[in-house]
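K.L.:
For reference, the structure I am asking about is given below.
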2 protein chains.
Amino acid sequence: MSQGITIGNVSQASGVKVPTIRYYEQIGLLPSPPRTEGNRRSYDERDLERLTFIRHSRELGFEIDEIRTLLSLQDRPDVSCEDADAIASRHLADVKQKIASLTALQHELERMVEGCSHGRVEDCKVIDILADHGKCRFHADHVPHL
Amino acid sequence: MSQGITIGNVSQASGVKVPTIRYYEQIGLLPSPPRTEGNRRSYDERDLERLTFIRHSRELGFEIDEIRTLLSLQDRPDVSCEDADAIASRHLADVKQKIASLTALQHELERMVEGCSHGRVEDCKVIDILADHGKCRFHADHVPHL
DNA sequence: CGTACATCCTCTAGTGACTAGAGGAGCAAG
DNA sequence: CTTGCTCCTCTAGTCACTAGAGGATGTACG
């Protein structure tokens, strides 16, 4: 039946780039597949599913370590899903926080751009607001990056 | 008058950490200040303003290279502020895009967490949705990180 | 004046999640 | 047979810092 998928094909099918797949193997996120006679990696359906799971999780902003936990949970379906729930909930809280920060940032940027007189730097609101923190309504404790 | 601010004080005043200030000097974002007899960096008000400008720009999510351009514009106030406007506008578009992605992501995570039966992994919506991309309403071309 | 301690110095290496490139081998089609 | 694609390993680079080693200097107190 399944006589081995090449790295290129598993890459196409999963949407994960070839060097990234090798990287995932290197950091132990994806098991090392068997090799062909010519030393090429030979994947199967399980690997493709795992890669798709990984890609999807990354798209949703989960970190590699979180994905590691999620994957290990998936492998033991008898265990409580409390951990998975906790990871997703924490992640949800992060996302909400990020949206709030970015929305404040959006308003500030709009104010900057709208205020720009399109003239000389001397009267430029953009430079102005950046230079003088006091004129700014946006105060990030720290905008966490996704 | 101003007889030199220590790196610690300029750090406190600007909100930029000491090693980060040295890093900014290293990459040429902040000019190398004169040194005291004992080889300590000696800053002035201009440096403090520049650092505050940098910190504020970073908080607003501008990249170092963008800040470099912004700073060079600030130094030549006679020039058209078109460039500054362009940078801010592009940045604003990015931010809007990010908010859209994150909002979709938020809904998806809520769906995951709410659907979680708090039982065994077998019935866990979190794992379920992650595993099967088809069940997911969230499709990121790529969620750009802030 | 001594001593404790904070602050400063330089330098190297590590972070996360990849991405790029060198240099070479295998494989399939024309 | 040769062209061109995919694959292999390995190292190093990206971004914006952060951490830590190992040592010098400056300051406050007794």
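Going by the structure tokens order, chains are called A, B, ..., each with residues numbered from 1, while ligands are numbered from 1 in the order shown.
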Listing only residues of region 27-131 of chain B within 12 Å of region 80-98 of chain A, what is the closest atom pair and its distance in Å (to one decimal) for each, using only C-alpha atoms, sorted by chain and residue number ascending, as CSV?
P.N.:
```
residue,atom,partner,partner_atom,distance
B:Val95,CA,A:Lys98,CA,11.0
B:Lys98,CA,A:Lys98,CA,9.6
B:Ile99,CA,A:Lys98,CA,8.4
B:Ala100,CA,A:Lys98,CA,11.6
B:Ser101,CA,A:Val95,CA,10.3
B:Leu102,CA,A:Val95,CA,6.6
B:Thr103,CA,A:Val95,CA,8.2
B:Ala104,CA,A:Val95,CA,10.3
B:Leu105,CA,A:Val95,CA,7.8
B:Gln106,CA,A:Leu92,CA,6.3
B:His107,CA,A:Leu92,CA,9.1
B:Glu108,CA,A:Leu92,CA,9.2
B:Leu109,CA,A:Leu92,CA,6.0
B:Glu110,CA,A:Leu92,CA,7.1
B:Arg111,CA,A:Ala88,CA,10.4
B:Met112,CA,A:Ala88,CA,7.7
B:Val113,CA,A:Asp85,CA,6.2
B:Glu114,CA,A:Asp85,CA,9.3
B:Gly115,CA,A:Asp85,CA,9.8
B:Cys116,CA,A:Asp85,CA,7.0
B:Ser117,CA,A:Cys81,CA,8.5
B:His118,CA,A:Glu82,CA,6.2
B:Gly119,CA,A:Ser80,CA,5.7
B:Arg120,CA,A:Ser80,CA,4.2
B:Val121,CA,A:Cys81,CA,4.6
B:Glu122,CA,A:Cys81,CA,8.2
B:Asp123,CA,A:Cys81,CA,8.4
B:Cys124,CA,A:Cys81,CA,6.2
B:Lys125,CA,A:Asp85,CA,8.9
B:Val126,CA,A:Ala84,CA,6.6
B:Ile127,CA,A:Ala84,CA,7.1
B:Asp128,CA,A:Ala84,CA,10.5
B:Ile129,CA,A:Ala88,CA,11.4
B:Leu130,CA,A:Ala88,CA,10.6
```
K.L.:
For a quick test of understanding: name the residues of chain B lying within 10 Å of chain D when counting only C-alpha atoms (C1' of nucleotides), and present them as a PyMOL selection string.
P.N.:
chain B and resi 19-20+23-24+38-40+63-64
K.L.:
I need the residues from that last selection saved to file as a PDB file, in the first residue's frame (with all heavy atoms), if you can.
P.N.:
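Written file, result-v1.pdb:
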```pdb
ATOM      1  N   PRO B  19      21.860  46.422  28.773  1.00  0.00           N
ATOM      2  CA  PRO B  19      22.495  45.645  27.699  1.00  0.00           C
ATOM      3  C   PRO B  19      21.912  45.989  26.332  1.00  0.00           C
ATOM      4  O   PRO B  19      22.615  45.921  25.326  1.00  0.00           O
ATOM      5  CB  PRO B  19      22.171  44.191  28.049  1.00  0.00           C
ATOM      6  CG  PRO B  19      21.753  44.213  29.474  1.00  0.00           C
ATOM      7  CD  PRO B  19      21.165  45.559  29.728  1.00  0.00           C
ATOM      8  N   THR B  20      20.646  46.369  26.312  1.00  0.00           N
ATOM      9  CA  THR B  20      20.001  46.723  25.048  1.00  0.00           C
ATOM     10  C   THR B  20      20.577  48.016  24.492  1.00  0.00           C
ATOM     11  O   THR B  20      20.785  48.158  23.290  1.00  0.00           O
ATOM     12  CB  THR B  20      18.486  46.850  25.250  1.00  0.00           C
ATOM     13  OG1 THR B  20      18.012  45.641  25.839  1.00  0.00           O
ATOM     14  CG2 THR B  20      17.766  47.075  23.942  1.00  0.00           C
ATOM     15  N   TYR B  23      23.750  47.187  22.987  1.00  0.00           N
ATOM     16  CA  TYR B  23      23.446  46.505  21.724  1.00  0.00           C
ATOM     17  C   TYR B  23      23.092  47.513  20.630  1.00  0.00           C
ATOM     18  O   TYR B  23      23.564  47.404  19.491  1.00  0.00           O
ATOM     19  CB  TYR B  23      22.300  45.517  21.941  1.00  0.00           C
ATOM     20  CG  TYR B  23      21.684  45.002  20.677  1.00  0.00           C
ATOM     21  CD1 TYR B  23      22.357  44.080  19.872  1.00  0.00           C
ATOM     22  CD2 TYR B  23      20.419  45.432  20.271  1.00  0.00           C
ATOM     23  CE1 TYR B  23      21.785  43.609  18.702  1.00  0.00           C
ATOM     24  CE2 TYR B  23      19.841  44.967  19.102  1.00  0.00           C
ATOM     25  CZ  TYR B  23      20.531  44.054  18.326  1.00  0.00           C
ATOM     26  OH  TYR B  23      19.961  43.597  17.171  1.00  0.00           O
ATOM     27  N   TYR B  24      22.306  48.506  20.949  1.00  0.00           N
ATOM     28  CA  TYR B  24      21.935  49.535  19.973  1.00  0.00           C
ATOM     29  C   TYR B  24      23.172  50.293  19.482  1.00  0.00           C
ATOM     30  O   TYR B  24      23.261  50.666  18.325  1.00  0.00           O
ATOM     31  CB  TYR B  24      20.923  50.510  20.581  1.00  0.00           C
ATOM     32  CG  TYR B  24      19.523  49.970  20.717  1.00  0.00           C
ATOM     33  CD1 TYR B  24      18.603  50.552  21.587  1.00  0.00           C
ATOM     34  CD2 TYR B  24      19.099  48.872  19.972  1.00  0.00           C
ATOM     35  CE1 TYR B  24      17.306  50.057  21.709  1.00  0.00           C
ATOM     36  CE2 TYR B  24      17.816  48.361  20.094  1.00  0.00           C
ATOM     37  CZ  TYR B  24      16.914  48.959  20.976  1.00  0.00           C
ATOM     38  OH  TYR B  24      15.648  48.469  21.098  1.00  0.00           O
ATOM     39  N   GLY B  38      37.373  56.808  33.509  1.00  0.00           N
ATOM     40  CA  GLY B  38      37.306  55.404  33.886  1.00  0.00           C
ATOM     41  C   GLY B  38      36.632  54.528  32.842  1.00  0.00           C
ATOM     42  O   GLY B  38      36.165  53.443  33.148  1.00  0.00           O
ATOM     43  N   ASN B  39      36.520  55.018  31.612  1.00  0.00           N
ATOM     44  CA  ASN B  39      35.991  54.253  30.474  1.00  0.00           C
ATOM     45  C   ASN B  39      34.476  54.014  30.495  1.00  0.00           C
ATOM     46  O   ASN B  39      33.973  53.150  29.802  1.00  0.00           O
ATOM     47  CB  ASN B  39      36.727  52.914  30.335  1.00  0.00           C
ATOM     48  CG  ASN B  39      36.534  52.308  28.954  1.00  0.00           C
ATOM     49  OD1 ASN B  39      36.401  53.030  27.956  1.00  0.00           O
ATOM     50  ND2 ASN B  39      36.486  50.987  28.889  1.00  0.00           N
ATOM     51  N   ARG B  40      33.744  54.789  31.330  1.00  0.00           N
ATOM     52  CA  ARG B  40      32.293  54.627  31.330  1.00  0.00           C
ATOM     53  C   ARG B  40      31.648  55.509  30.259  1.00  0.00           C
ATOM     54  O   ARG B  40      32.120  56.609  30.000  1.00  0.00           O
ATOM     55  CB  ARG B  40      31.705  55.017  32.695  1.00  0.00           C
ATOM     56  CG  ARG B  40      31.616  53.879  33.665  1.00  0.00           C
ATOM     57  CD  ARG B  40      32.762  53.902  34.633  1.00  0.00           C
ATOM     58  NE  ARG B  40      33.012  52.618  35.263  1.00  0.00           N
ATOM     59  CZ  ARG B  40      32.367  52.195  36.338  1.00  0.00           C
ATOM     60  NH1 ARG B  40      31.455  52.932  36.902  1.00  0.00           N
ATOM     61  NH2 ARG B  40      32.641  51.018  36.860  1.00  0.00           N
ATOM     62  N   GLU B  63      10.264  47.995  13.131  1.00  0.00           N
ATOM     63  CA  GLU B  63      11.506  47.238  13.134  1.00  0.00           C
ATOM     64  C   GLU B  63      12.696  48.187  13.211  1.00  0.00           C
ATOM     65  O   GLU B  63      12.585  49.365  12.882  1.00  0.00           O
ATOM     66  CB  GLU B  63      11.604  46.390  11.872  1.00  0.00           C
ATOM     67  CG  GLU B  63      10.646  45.218  11.904  1.00  0.00           C
ATOM     68  CD  GLU B  63      10.569  44.518  10.557  1.00  0.00           C
ATOM     69  OE1 GLU B  63      11.460  44.738   9.721  1.00  0.00           O
ATOM     70  OE2 GLU B  63       9.597  43.760  10.362  1.00  0.00           O
ATOM     71  N   ILE B  64      13.822  47.626  13.617  1.00  0.00           N
ATOM     72  CA  ILE B  64      15.034  48.419  13.786  1.00  0.00           C
ATOM     73  C   ILE B  64      15.367  49.198  12.515  1.00  0.00           C
ATOM     74  O   ILE B  64      15.691  50.387  12.578  1.00  0.00           O
ATOM     75  CB  ILE B  64      16.216  47.509  14.183  1.00  0.00           C
ATOM     76  CG1 ILE B  64      15.939  46.832  15.530  1.00  0.00           C
ATOM     77  CG2 ILE B  64      17.521  48.283  14.213  1.00  0.00           C
ATOM     78  CD1 ILE B  64      16.131  47.693  16.734  1.00  0.00           C
TER      79      ILE B  64
END
```
K.L.:
Just need the residues of chain C within 8 Å of chain B, counting only C-alpha atoms (C1' of nucleotides), so spit them out as a PDB file with C-alpha atoms (C1' of nucleotides), in the first residue's frame.
P.N.:
```
ATOM      1  C1'  DT C   7      27.566  49.592  38.698  1.00  0.00           C
ATOM      2  C1'  DC C   8      30.206  49.433  34.898  1.00  0.00           C
ATOM      3  C1'  DC C   9      33.282  47.232  31.199  1.00  0.00           C
TER       4       DC C   9
END
```
K.L.:
What's the separation between CA of Thr52 (chain A) and CA of Ile21 (chain A), in Å to one decimal place?
P.N.:
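Interatomic distance here is 11.1 Å.
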K.L.:
Tell me, which residues of region 64-100 of chain A carry DSSP helix (DSSP H, G or I), written as JSON, numbers by chain?
P.N.:
{"A": [64, 65, 66, 67, 68, 69, 70, 71, 72, 73, 74, 75, 82, 83, 84, 85, 86, 87, 88, 89, 90, 91, 92, 93, 94, 95, 96, 97, 98, 99, 100]}
K.L.:
Which distance in Å separates CA of Gln74 (chain B) and CA of Ser42 (chain B), to one decimal?
P.N.:
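A separation of 22.7 Å between them.
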K.L.:
Please indicate the distance in Å from CA of Leu30 (chain B) to CA of Asp47 (chain B), rounded to one decimal place.
P.N.:
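Atom-to-atom, CA of Leu30 (chain B) and CA of Asp47 (chain B) are spaced 7.6 Å apart.
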K.L.:
Which is closest to chain B among A:Val16, A:Pro34, A:Val10, A:Gly28, if we use only C-alpha atoms?
P.N.:
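Result for the nearest residue to chain B: A:Val16.
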K.L.:
Pick out the residues sitting within 10 Å of Asp132 (chain A), and hand them over as a list in words; count only C-alpha atoms (C1' of nucleotides), and ignore anything fewer than 6 positions along from it in its own chain.
P.N.:
Glu49, Thr52, Phe53 and His56 of chain B
K.L.:
Considering only C-alpha atoms (C1' of nucleotides), can you say which of B:Asp44, B:Gln12, B:Arg22, B:Gln3 comes closest to DT10 (chain C)?
P.N.:
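Smallest separation from DT10 (chain C) among the options: B:Arg22.
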K.L.:
Return the single residue from B:Leu29, B:Val18, B:Ala13, B:Leu48 that is closest to Arg68 (chain B), with distances computed using only C-alpha atoms.
P.N.:
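Counting only C-alpha atoms, the residue closest to Arg68 (chain B) is B:Leu29.
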